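The file upload-v5.cif comes next; it holds mmCIF, C-alpha atoms.
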data_entry
#
loop_
_atom_site.label_atom_id
_atom_site.label_comp_id
_atom_site.auth_asym_id
_atom_site.auth_seq_id
_atom_site.Cartn_x
_atom_site.Cartn_y
_atom_site.Cartn_z
CA MET A 1 -181.63 54.09 5.24
CA PHE A 2 -185.29 53.73 4.31
CA THR A 3 -184.43 51.16 1.64
CA LEU A 4 -182.37 49.22 4.20
CA TYR A 5 -185.27 49.04 6.65
CA LEU A 6 -187.71 48.27 3.81
CA GLY A 7 -185.56 45.40 2.56
CA PHE A 8 -185.20 43.93 6.05
CA VAL A 9 -188.92 44.18 6.83
CA GLY A 10 -189.70 42.63 3.44
CA PHE A 11 -187.42 39.69 4.25
CA VAL A 12 -189.15 39.21 7.61
CA LEU A 13 -192.63 39.32 6.03
CA VAL A 14 -191.62 36.71 3.44
CA MET A 15 -190.32 34.43 6.20
CA LEU A 16 -193.54 34.84 8.18
CA ALA A 17 -195.68 34.19 5.08
CA LEU A 18 -193.77 30.96 4.39
CA ASP A 19 -194.31 29.94 7.99
CA LEU A 20 -198.06 30.58 8.02
CA PHE A 21 -199.08 29.54 4.50
CA VAL A 22 -196.56 26.79 3.68
CA VAL A 23 -194.82 25.19 6.67
CA ASN A 24 -197.75 25.46 9.11
CA ARG A 25 -200.67 25.79 6.70
CA LYS A 26 -202.76 23.22 8.58
CA PRO A 27 -203.22 23.35 12.37
CA HIS A 28 -201.16 20.75 14.16
CA ALA A 29 -199.35 20.27 17.45
CA ILE A 30 -195.67 21.12 16.96
CA SER A 31 -193.41 18.42 18.36
CA THR A 32 -190.44 19.21 20.57
CA ARG A 33 -188.10 17.80 17.91
CA ALA A 34 -189.53 20.08 15.20
CA ALA A 35 -189.45 23.05 17.57
CA LEU A 36 -185.79 22.44 18.38
CA PHE A 37 -185.02 22.23 14.65
CA TRP A 38 -186.72 25.56 13.89
CA THR A 39 -185.10 27.13 16.94
CA GLY A 40 -181.76 26.13 15.44
CA VAL A 41 -182.81 27.61 12.09
CA CYS A 42 -183.64 30.93 13.78
CA VAL A 43 -180.27 30.95 15.56
CA VAL A 44 -178.43 30.23 12.29
CA LEU A 45 -180.37 33.03 10.54
CA ALA A 46 -179.39 35.50 13.28
CA LEU A 47 -175.74 34.49 13.08
CA ALA A 48 -175.86 34.75 9.28
CA PHE A 49 -177.36 38.22 9.55
CA SER A 50 -174.47 39.24 11.80
CA ALA A 51 -172.24 38.67 8.74
CA VAL A 52 -174.55 40.99 6.79
CA VAL A 53 -174.19 43.58 9.55
CA TYR A 54 -170.40 43.32 9.32
CA HIS A 55 -170.52 43.87 5.54
CA LEU A 56 -172.89 46.86 5.77
CA TYR A 57 -170.91 48.69 8.44
CA GLU A 58 -167.42 47.77 7.27
CA ASN A 59 -168.23 49.02 3.76
CA ASN A 60 -169.88 52.16 5.16
CA TYR A 61 -173.24 51.50 3.49
CA HIS A 62 -175.40 54.63 3.95
CA ASN A 63 -172.62 56.01 6.18
CA LEU A 64 -173.26 53.31 8.80
CA GLY A 65 -169.54 52.89 9.43
CA ASP A 66 -169.08 56.62 9.97
CA SER A 67 -171.87 56.60 12.55
CA VAL A 68 -170.01 53.92 14.54
CA ARG A 69 -166.77 55.90 14.37
CA ALA A 70 -168.58 59.08 15.41
CA ARG A 71 -170.04 57.37 18.49
CA HIS A 72 -166.60 56.00 19.28
CA ALA A 73 -165.09 59.48 18.98
CA ALA A 74 -167.78 60.93 21.27
CA MET A 75 -166.94 58.36 23.95
CA LEU A 76 -163.25 59.18 23.62
CA ALA A 77 -164.03 62.86 24.02
CA ASN A 78 -165.90 62.06 27.26
CA GLY A 79 -162.90 60.23 28.65
CA VAL A 80 -164.28 56.71 28.20
CA PRO A 81 -161.44 54.19 27.83
CA GLN A 82 -161.46 52.19 24.61
CA SER A 83 -159.25 49.40 23.35
CA PRO A 84 -158.30 51.01 20.01
CA SER A 85 -155.77 53.80 20.11
CA PRO A 86 -157.41 57.23 19.89
CA ALA A 87 -157.33 59.21 16.70
CA SER A 88 -155.46 62.41 16.33
CA ALA A 89 -157.09 65.67 17.35
CA MET A 90 -157.23 66.70 13.69
CA ASP A 91 -159.48 63.74 12.82
CA PRO A 92 -162.86 63.89 14.60
CA ILE A 93 -163.81 60.41 13.31
CA PRO A 94 -161.16 57.86 14.34
CA GLN A 95 -160.22 55.37 11.63
CA THR A 96 -158.45 52.89 13.93
CA ILE A 97 -161.53 50.82 14.80
CA SER A 98 -163.29 48.31 12.58
CA PRO A 99 -166.91 49.54 12.38
CA GLY A 100 -167.97 46.17 10.98
CA LYS A 101 -166.54 44.25 13.94
CA HIS A 102 -167.88 46.78 16.43
CA ALA A 103 -171.41 46.72 14.95
CA THR A 104 -171.39 42.90 14.75
CA LEU A 105 -170.53 42.61 18.44
CA GLU A 106 -173.29 45.09 19.29
CA PHE A 107 -175.84 43.16 17.19
CA LEU A 108 -174.89 39.79 18.72
CA SER A 109 -174.93 41.23 22.26
CA GLY A 110 -178.33 42.82 21.72
CA TRP A 111 -179.75 39.69 20.12
CA LEU A 112 -178.46 37.49 22.96
CA ILE A 113 -179.95 39.80 25.59
CA GLU A 114 -183.34 39.95 23.89
CA TYR A 115 -183.38 36.21 23.21
CA SER A 116 -182.50 35.34 26.81
CA LEU A 117 -185.03 37.77 28.29
CA SER A 118 -187.73 36.19 26.13
CA LEU A 119 -187.37 33.04 28.25
CA ASP A 120 -189.34 34.75 31.00
CA ASN A 121 -191.92 35.73 28.40
CA ILE A 122 -192.23 32.08 27.36
CA PHE A 123 -193.08 31.07 30.91
CA VAL A 124 -195.89 33.64 31.14
CA ILE A 125 -197.29 32.67 27.71
CA ALA A 126 -197.36 29.03 28.80
CA LEU A 127 -199.36 30.04 31.88
CA ILE A 128 -201.81 32.01 29.72
CA PHE A 129 -202.36 29.08 27.34
CA ALA A 130 -202.86 26.69 30.25
CA HIS A 131 -205.24 29.11 31.99
CA PHE A 132 -207.51 29.38 28.94
CA ARG A 133 -206.84 25.75 27.90
CA ILE A 134 -205.82 26.54 24.34
CA PRO A 135 -205.15 23.27 22.42
CA ARG A 136 -201.54 22.81 21.33
CA GLU A 137 -202.52 22.61 17.65
CA TYR A 138 -203.96 26.16 17.81
CA GLN A 139 -201.23 27.80 19.89
CA HIS A 140 -199.04 28.38 16.83
CA ARG A 141 -201.67 30.63 15.22
CA VAL A 142 -201.96 32.77 18.35
CA LEU A 143 -198.19 33.11 18.60
CA PHE A 144 -197.85 33.93 14.88
CA TRP A 145 -200.23 36.89 14.99
CA GLY A 146 -198.93 37.87 18.41
CA ILE A 147 -195.40 38.04 17.07
CA LEU A 148 -196.52 40.05 14.04
CA GLY A 149 -198.14 42.59 16.36
CA ALA A 150 -195.05 42.56 18.59
CA LEU A 151 -192.85 43.50 15.63
CA VAL A 152 -194.99 46.58 14.98
CA MET A 153 -195.21 47.59 18.64
CA ARG A 154 -191.49 47.13 19.29
CA GLY A 155 -190.63 49.07 16.16
CA LEU A 156 -192.65 52.01 17.48
CA MET A 157 -191.18 51.70 20.98
CA ILE A 158 -187.63 51.54 19.63
CA GLY A 159 -188.26 54.65 17.54
CA VAL A 160 -189.59 56.53 20.58
CA GLY A 161 -186.68 55.32 22.72
CA ALA A 162 -184.12 56.44 20.15
CA VAL A 163 -185.67 59.91 19.98
CA LEU A 164 -185.78 60.20 23.78
CA ILE A 165 -182.13 59.23 24.13
CA LYS A 166 -181.11 61.66 21.41
CA GLU A 167 -182.99 64.55 23.00
CA PHE A 168 -182.54 63.65 26.67
CA GLN A 169 -179.31 61.80 27.36
CA TRP A 170 -180.21 61.47 31.04
CA ILE A 171 -183.00 59.05 30.09
CA LEU A 172 -180.31 56.33 29.95
CA TYR A 173 -179.94 56.56 33.73
CA VAL A 174 -183.70 56.18 34.09
CA PHE A 175 -183.54 53.08 31.88
CA GLY A 176 -180.77 51.73 34.08
CA ALA A 177 -182.84 52.22 37.23
CA VAL A 178 -185.81 50.48 35.58
CA LEU A 179 -183.64 47.46 34.74
CA ILE A 180 -182.29 47.20 38.29
CA TYR A 181 -185.83 47.36 39.66
CA THR A 182 -186.94 44.69 37.17
CA ALA A 183 -184.07 42.45 38.29
CA PHE A 184 -185.21 42.87 41.89
CA LYS A 185 -188.78 41.91 40.96
CA MET A 186 -187.53 38.88 39.05
CA LEU A 187 -185.61 37.68 42.11
CA ARG A 188 -188.72 38.04 44.25
CA GLY A 189 -190.62 35.76 41.86
CA GLY A 190 -194.36 35.37 42.37
CA GLU A 191 -195.25 34.73 38.72
CA ASP A 192 -196.31 31.09 39.13
CA HIS A 193 -199.96 31.98 38.66
CA ILE A 194 -201.88 34.57 36.70
CA GLU A 195 -205.37 36.06 36.83
CA PRO A 196 -206.07 37.55 33.37
CA GLU A 197 -209.70 38.22 34.31
CA GLU A 198 -208.47 40.93 36.67
CA GLY A 199 -206.50 42.69 33.94
CA PHE A 200 -207.47 45.76 31.94
CA VAL A 201 -207.11 44.01 28.56
CA TYR A 202 -209.53 41.22 29.47
CA ARG A 203 -212.18 43.59 30.79
CA PHE A 204 -211.81 46.05 27.92
CA ALA A 205 -212.11 43.27 25.31
CA ARG A 206 -215.24 41.94 27.02
CA LYS A 207 -216.80 45.40 26.72
CA LEU A 208 -216.04 45.56 22.99
CA PHE A 209 -217.19 42.06 22.02
CA PRO A 210 -219.24 39.33 23.67
CA LEU A 211 -217.19 36.22 24.37
CA HIS A 212 -218.14 32.92 22.79
CA PRO A 213 -217.68 30.26 25.50
CA ARG A 214 -215.97 27.65 23.32
CA ILE A 215 -212.97 27.43 21.01
CA GLU A 216 -214.11 27.04 17.40
CA GLY A 217 -211.00 25.82 15.59
CA GLN A 218 -208.58 28.61 14.66
CA LYS A 219 -211.28 31.26 14.40
CA PHE A 220 -210.78 34.52 16.23
CA PHE A 221 -214.36 35.68 15.62
CA LEU A 222 -217.67 33.93 15.13
CA ARG A 223 -220.95 35.35 13.80
CA LEU A 224 -224.14 33.89 15.29
CA ASP A 225 -227.61 35.30 14.66
CA ASP A 226 -226.09 38.41 13.06
CA LYS A 227 -224.06 39.06 16.20
CA LEU A 228 -220.25 39.04 16.24
CA PHE A 229 -218.57 37.09 19.04
CA MET A 230 -214.90 36.88 19.83
CA THR A 231 -213.58 33.44 20.63
CA PRO A 232 -211.17 32.59 23.47
CA MET A 233 -208.47 32.47 20.77
CA PHE A 234 -208.76 36.22 20.09
CA LEU A 235 -208.98 37.04 23.78
CA VAL A 236 -205.77 35.10 24.43
CA LEU A 237 -204.11 36.87 21.47
CA LEU A 238 -204.85 40.26 23.04
CA ILE A 239 -203.52 39.14 26.43
CA VAL A 240 -200.34 37.70 24.90
CA GLU A 241 -199.85 40.93 22.93
CA SER A 242 -200.24 43.08 26.03
CA THR A 243 -197.82 40.80 27.89
CA ASP A 244 -195.17 41.37 25.21
CA VAL A 245 -195.59 45.14 25.56
CA ILE A 246 -194.90 44.83 29.30
CA PHE A 247 -191.81 42.73 28.67
CA ALA A 248 -190.63 45.14 25.96
CA ILE A 249 -190.63 47.96 28.53
CA ASP A 250 -187.88 45.99 30.30
CA SER A 251 -186.01 44.49 27.36
CA ILE A 252 -185.76 47.50 25.04
CA PRO A 253 -183.94 49.69 27.61
CA ALA A 254 -181.56 46.75 28.10
CA ILE A 255 -180.47 46.73 24.47
CA PHE A 256 -180.04 50.52 24.45
CA ALA A 257 -177.29 49.90 27.01
CA ILE A 258 -175.44 47.92 24.36
CA THR A 259 -176.04 50.13 21.34
CA GLN A 260 -178.00 53.24 20.49
CA ASP A 261 -177.96 52.47 16.78
CA PRO A 262 -181.69 52.16 15.85
CA PHE A 263 -181.00 49.68 13.03
CA LEU A 264 -179.06 47.32 15.31
CA VAL A 265 -181.64 47.67 18.09
CA PHE A 266 -184.50 46.91 15.70
CA THR A 267 -182.91 44.01 13.84
CA SER A 268 -181.66 42.27 17.00
CA ASN A 269 -185.15 42.60 18.51
CA VAL A 270 -186.76 41.16 15.37
CA PHE A 271 -184.51 38.10 15.27
CA ALA A 272 -185.14 37.48 18.97
CA ILE A 273 -188.91 37.70 18.43
CA LEU A 274 -188.78 35.45 15.37
CA GLY A 275 -187.08 32.77 17.44
CA LEU A 276 -189.53 33.15 20.32
CA ARG A 277 -192.30 31.00 18.79
CA SER A 278 -190.20 27.93 18.05
CA MET A 279 -188.36 28.29 21.36
CA TYR A 280 -191.71 28.33 23.15
CA PHE A 281 -192.70 24.93 21.74
CA ALA A 282 -189.23 23.59 22.52
CA LEU A 283 -189.04 24.81 26.13
CA ALA A 284 -192.55 25.51 27.47
CA ALA A 285 -193.02 21.95 28.71
CA MET A 286 -189.70 21.91 30.55
CA MET A 287 -189.19 25.45 31.80
CA ASP A 288 -189.06 24.04 35.34
CA LYS A 289 -185.85 22.25 34.33
CA PHE A 290 -184.14 25.66 34.05
CA ARG A 291 -185.39 27.04 37.37
CA LEU A 292 -182.03 28.70 38.18
CA LEU A 293 -181.88 30.48 34.84
CA LYS A 294 -184.11 33.21 36.25
CA LEU A 295 -181.29 34.11 38.64
CA SER A 296 -179.00 34.52 35.64
CA LEU A 297 -181.56 36.72 33.87
CA ALA A 298 -181.88 38.88 36.99
CA PHE A 299 -178.09 39.22 37.12
CA VAL A 300 -177.99 40.19 33.42
CA LEU A 301 -180.64 42.88 33.94
CA ALA A 302 -178.89 44.23 37.03
CA PHE A 303 -175.51 44.22 35.26
CA ILE A 304 -176.90 46.14 32.29
CA GLY A 305 -178.70 48.60 34.58
CA VAL A 306 -175.53 49.28 36.57
CA LYS A 307 -173.58 49.53 33.31
CA MET A 308 -175.92 52.29 32.09
CA ILE A 309 -175.72 54.25 35.33
CA LEU A 310 -171.91 53.98 35.52
CA THR A 311 -171.61 55.87 32.23
CA TYR A 312 -172.38 58.99 34.29
CA TRP A 313 -168.90 58.59 35.81
CA HIS A 314 -167.39 57.65 32.42
CA VAL A 315 -167.02 54.00 33.41
CA HIS A 316 -167.50 51.86 30.33
CA PHE A 317 -167.55 48.13 29.64
CA GLY A 318 -166.48 47.25 26.10
CA THR A 319 -169.01 45.51 23.89
CA GLY A 320 -166.93 42.34 23.77
CA THR A 321 -166.58 42.34 27.56
CA SER A 322 -170.33 42.83 28.02
CA LEU A 323 -171.08 40.01 25.59
CA GLY A 324 -168.74 37.69 27.49
CA ILE A 325 -170.27 38.53 30.88
CA ILE A 326 -173.83 38.03 29.59
CA ALA A 327 -173.00 34.72 27.89
CA ALA A 328 -171.16 33.46 30.99
CA ALA A 329 -174.08 34.38 33.26
CA LEU A 330 -176.61 32.58 31.06
CA ALA A 331 -174.40 29.52 30.68
CA SER A 332 -173.91 29.39 34.46
CA GLY A 333 -177.67 29.41 35.01
CA ILE A 334 -178.20 26.58 32.54
CA VAL A 335 -175.37 24.43 33.90
CA ALA A 336 -176.42 25.03 37.53
CA SER A 337 -180.02 24.06 36.72
CA ILE A 338 -178.81 20.77 35.25
CA MET A 339 -176.21 19.97 37.92
CA ILE A 340 -178.12 21.00 41.07
CA PRO A 341 -181.16 18.78 41.71
CA SER A 342 -184.50 20.33 42.61
CA ARG A 343 -185.46 20.13 46.27
CA ALA A 344 -189.19 20.15 45.61
CA PRO A 345 -191.03 17.60 43.45
CA GLU A 346 -192.06 18.77 40.01
CA ALA A 347 -195.64 19.96 39.75
CA PRO A 348 -197.75 18.02 37.26
CA ASN A 349 -198.94 19.70 34.11
CA THR A 350 -202.65 20.36 34.71
CA GLY A 351 -203.38 22.19 31.50
CA THR A 352 -206.34 20.60 29.71
CA ILE A 353 -208.36 21.39 26.67
CA GLY A 354 -211.67 23.02 27.35
CA GLU A 355 -213.40 26.30 27.99
CA PRO A 356 -211.71 29.32 29.55
CA LYS A 357 -212.10 29.95 33.22
CA PRO A 358 -215.53 31.51 33.82
CA GLU A 359 -215.87 34.87 35.47
CA ALA A 360 -216.83 34.98 39.09
#
Spit out the file's structure as structure tokens when you get a sec.
Amino acid sequence: MFTLYLGFVGFVLVMLALDLFVVNRKPHAISTRAALFWTGVCVVLALAFSAVVYHLYENNYHNLGDSVRARHAAMLANGVPQSPSPASAMDPIPQTISPGKHATLEFLSGWLIEYSLSLDNIFVIALIFAHFRIPREYQHRVLFWGILGALVMRGLMIGVGAVLIKEFQWILYVFGAVLIYTAFKMLRGGEDHIEPEEGFVYRFARKLFPLHPRIEGQKFFLRLDDKLFMTPMFLVLLIVESTDVIFAIDSIPAIFAITQDPFLVFTSNVFAILGLRSMYFALAAMMDKFRLLKLSLAFVLAFIGVKMILTYWHVHFGTGTSLGIIAAALASGIVASIMIPSRAPEAPNTGTIGEPKPEA
């Protein structure tokens, strides 16, 4: 399994290197058209990887197929209804399911959940950039390094989550309760403004380094008179990184409701994060157009939370059924946002280029 993870991480690092040093070597404002193109590329890559997942699990690479069958057998033993016919009592690992198909559905469901939940993350990142007035041509660099840090942090969090679930099965019900509470908070709203200066990350960073008052190109640090200053770019990077950790606390339990296979959890998270940057530039300027999508995201979180808790009573939604419900909820939010006109006039975009908001 180590070689499998190593190969996947190597592929991701190569893609990121091409992005930073070839495609976006020089700072420039990414157009909506280019962002939509690269968003499509990320979607195609995720769908193509789902074919790789099918091949790996169907051909039992590193016993991945057997792990799927073993999980299936455990659910059958607990009385959870499944669509395939159960195996005989003499065979503890049922051979009637297609592990490749099962794993592919789990990967696509997890990827869709993580990708959709990142929409709320995009809105918060847009507020952070507007608050500190980061020029559009420099936002890509912040997002690149933020995403690289997010990959490391999520990898660690997924590893911890997998260990907790293995050792304490009841933690799934805690995850479910967290998701339901998050859905409730999302319905309440109240995220139309932010005050980063009140946060722990901002204050801690200011204690470590003095803040240079102006943006100096793409530089994160600046040395003046033998003294090291952090620029607003680095401060925003830290705030964006901490924001992703907060969102990961909600999104990672959601994917564990779909699959507890660490490889599928990790890879679906990675592909969702890789698509986050291009999707930000495609949607940040028109997030208000999808105002009803937040209701769909809240429904998805609540559905997944309830789904996790219902496993206590051996009530199970098949992976294909869950994928259909999630896709239908998201599609409904998008269509409703387009079809139902907004009652209030759209607020103008007041983000300008300049210095970050001074401390009081």
Please list as a list in words every residue within 9 Å of Ser251 in chain A, counting all atoms listed in the file and excluding residues in the same chain fewer than 3 positions away. Ile113, Glu114, Leu117, Ser118, Leu179, Phe247, Ala248, Ala254, Ile255, Phe256 and Leu301 of chain A
Could those selected residues go to a file with C-alpha atoms, as a compact mmCIF listing (two decimals), in the coordinates of the input?
# COMPACT_ATOMS: atom_id res chain seq x y z
CA ILE A 113 -179.95 39.80 25.59
CA GLU A 114 -183.34 39.95 23.89
CA LEU A 117 -185.03 37.77 28.29
CA SER A 118 -187.73 36.19 26.13
CA LEU A 179 -183.64 47.46 34.74
CA PHE A 247 -191.81 42.73 28.67
CA ALA A 248 -190.63 45.14 25.96
CA ALA A 254 -181.56 46.75 28.10
CA ILE A 255 -180.47 46.73 24.47
CA PHE A 256 -180.04 50.52 24.45
CA LEU A 301 -180.64 42.88 33.94
Please enumerate the residues selected by the PyMOL selection byres ((chain A and resi 3-20) around 10) when evaluated against the supplied file, formatted as a ChimeraX atom specification. /A:1-2,21-27,56,61-62,140-141,144-145,147-148,151,263,266-267,270-271,274
What's the 12 Å shell around Gly161 in chain A, counting all atoms listed in the file, without same-chain residues fewer than 2 positions away, as a VMD selection string? chain A and resid 154 to 159 163 to 169 171 to 172 174 to 175 248 to 249 251 to 257 259 to 262 265 to 266
Distance CA of His102 in chain A-CA of Val53 in chain A, one decimal place?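 Rounded to one decimal, the two atoms are 9.9 Å apart.
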For Tyr115 in chain A, which residue among A:His316, A:Arg188, A:Arg277, A:Lys289 is the nearest when counting only C-alpha atoms? A:Arg277
For CA of Met308 in chain A and CA of Gly176 in chain A, the interatomic separation in Å (one decimal): 5.3 Å
Tell me which of A:Leu211, A:Leu127, A:Ala282, A:Met233 sits closest to Gly40 in chain A, counting only C-alpha atoms.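 Between A:Leu211, A:Leu127, A:Ala282, A:Met233, the residue approaching Gly40 in chain A most closely is A:Ala282.
Against the coordinates shown, the PyMOL selection byres ((chain A and resi 57) around 10) returns Val52, Val53, Tyr54, His55, Leu56, Glu58, Asn59, Asn60, Tyr61, His62, Asn63, Leu64, Gly65, Asp66, Ser67, Val68, Ser98, Pro99, Gly100, Lys101, His102, Ala103 and Thr104 of chain A.
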For Val300 in chain A, which residue out of A:Ile326, A:Leu36, A:Ile239, A:Leu283 is the nearest one, using only C-alpha atoms?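 Nearest candidate to Val300 in chain A out of A:Ile326, A:Leu36, A:Ile239, A:Leu283: A:Ile326.
When only C-alpha atoms are used to measure the gap to Met153 in chain A, the shortest distance among A:Val315, A:Ala302, A:Glu241, A:Gly320 belongs to A:Glu241.
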Around all the atoms of range 238-245 of chain A listed in the file, draw an axis-aligned box and extend it by 8 Å on each of the six sides; I want its centre and edge lengths in Å to one decimal, as lines of an AutoDock Vina configuration file.
center_x = -200.0
center_y = 41.4
center_z = 25.4
size_x = 25.7
size_y = 23.4
size_z = 21.0
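For the structure in this document, the set picked by the PyMOL selection byres ((chain A and resi 183) around 9) is Val178, Leu179, Ile180, Tyr181, Thr182, Phe184, Lys185, Met186, Leu187, Arg188, Leu295, Leu297, Ala298, Phe299, Val300, Leu301, Ala302 and Gly305 of chain A.
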Would you mind writing range 276-284 of chain A with all heavy atoms, as a tab-separated table (two decimals), in the coordinates of the input?
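Result saved to result.tsv:
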chain	number	residue	atom	x	y	z
A	276	LEU	N	-188.76	33.38	19.11
A	276	LEU	CA	-189.53	33.15	20.32
A	276	LEU	C	-190.55	32.02	20.15
A	276	LEU	O	-190.72	31.19	21.03
A	276	LEU	CB	-190.24	34.45	20.72
A	276	LEU	CG	-191.23	34.36	21.89
A	276	LEU	CD1	-190.50	33.95	23.17
A	276	LEU	CD2	-191.94	35.69	22.10
A	277	ARG	N	-191.22	31.98	18.99
A	277	ARG	CA	-192.30	31.00	18.79
A	277	ARG	C	-191.78	29.57	18.83
A	277	ARG	O	-192.31	28.72	19.55
A	277	ARG	CB	-193.00	31.27	17.46
A	277	ARG	CG	-194.19	30.38	17.21
A	277	ARG	CD	-194.90	30.73	15.92
A	277	ARG	NE	-194.05	30.54	14.76
A	277	ARG	CZ	-193.48	31.52	14.09
A	277	ARG	NH1	-193.66	32.77	14.48
A	277	ARG	NH2	-192.73	31.28	13.04
A	278	SER	N	-190.74	29.29	18.06
A	278	SER	CA	-190.20	27.93	18.05
A	278	SER	C	-189.58	27.58	19.39
A	278	SER	O	-189.69	26.43	19.86
A	278	SER	CB	-189.14	27.79	16.93
A	278	SER	OG	-188.10	28.74	17.10
A	279	MET	N	-188.95	28.56	20.06
A	279	MET	CA	-188.36	28.29	21.36
A	279	MET	C	-189.44	28.01	22.40
A	279	MET	O	-189.23	27.22	23.33
A	279	MET	CB	-187.48	29.46	21.82
A	279	MET	CG	-186.63	29.14	23.04
A	279	MET	SD	-185.27	30.29	23.31
A	279	MET	CE	-186.16	31.81	23.57
A	280	TYR	N	-190.62	28.62	22.23
A	280	TYR	CA	-191.71	28.33	23.15
A	280	TYR	C	-192.10	26.85	23.09
A	280	TYR	O	-192.22	26.18	24.12
A	280	TYR	CB	-192.93	29.20	22.81
A	280	TYR	CG	-194.19	28.70	23.48
A	280	TYR	CD1	-194.45	29.01	24.81
A	280	TYR	CD2	-195.10	27.90	22.80
A	280	TYR	CE1	-195.57	28.53	25.45
A	280	TYR	CE2	-196.24	27.42	23.42
A	280	TYR	CZ	-196.47	27.74	24.75
A	280	TYR	OH	-197.59	27.25	25.37
A	281	PHE	N	-192.30	26.32	21.88
A	281	PHE	CA	-192.70	24.93	21.74
A	281	PHE	C	-191.59	23.97	22.17
A	281	PHE	O	-191.85	22.84	22.55
A	281	PHE	CB	-193.12	24.64	20.30
A	281	PHE	CG	-194.42	25.29	19.92
A	281	PHE	CD1	-194.43	26.38	19.07
A	281	PHE	CD2	-195.61	24.83	20.42
A	281	PHE	CE1	-195.63	27.00	18.72
A	281	PHE	CE2	-196.81	25.43	20.09
A	281	PHE	CZ	-196.82	26.52	19.24
A	282	ALA	N	-190.35	24.44	22.11
A	282	ALA	CA	-189.23	23.59	22.52
A	282	ALA	C	-189.06	23.56	24.04
A	282	ALA	O	-188.65	22.54	24.60
A	282	ALA	CB	-187.95	24.07	21.86
A	283	LEU	N	-189.38	24.69	24.71
A	283	LEU	CA	-189.04	24.81	26.13
A	283	LEU	C	-190.22	24.92	27.07
A	283	LEU	O	-190.05	24.73	28.29
A	283	LEU	CB	-188.13	26.03	26.34
A	283	LEU	CG	-186.78	26.03	25.62
A	283	LEU	CD1	-186.02	27.30	25.95
A	283	LEU	CD2	-185.96	24.81	26.00
A	284	ALA	N	-191.42	25.24	26.58
A	284	ALA	CA	-192.55	25.51	27.47
A	284	ALA	C	-192.84	24.35	28.40
A	284	ALA	O	-193.19	24.54	29.57
A	284	ALA	CB	-193.79	25.85	26.65
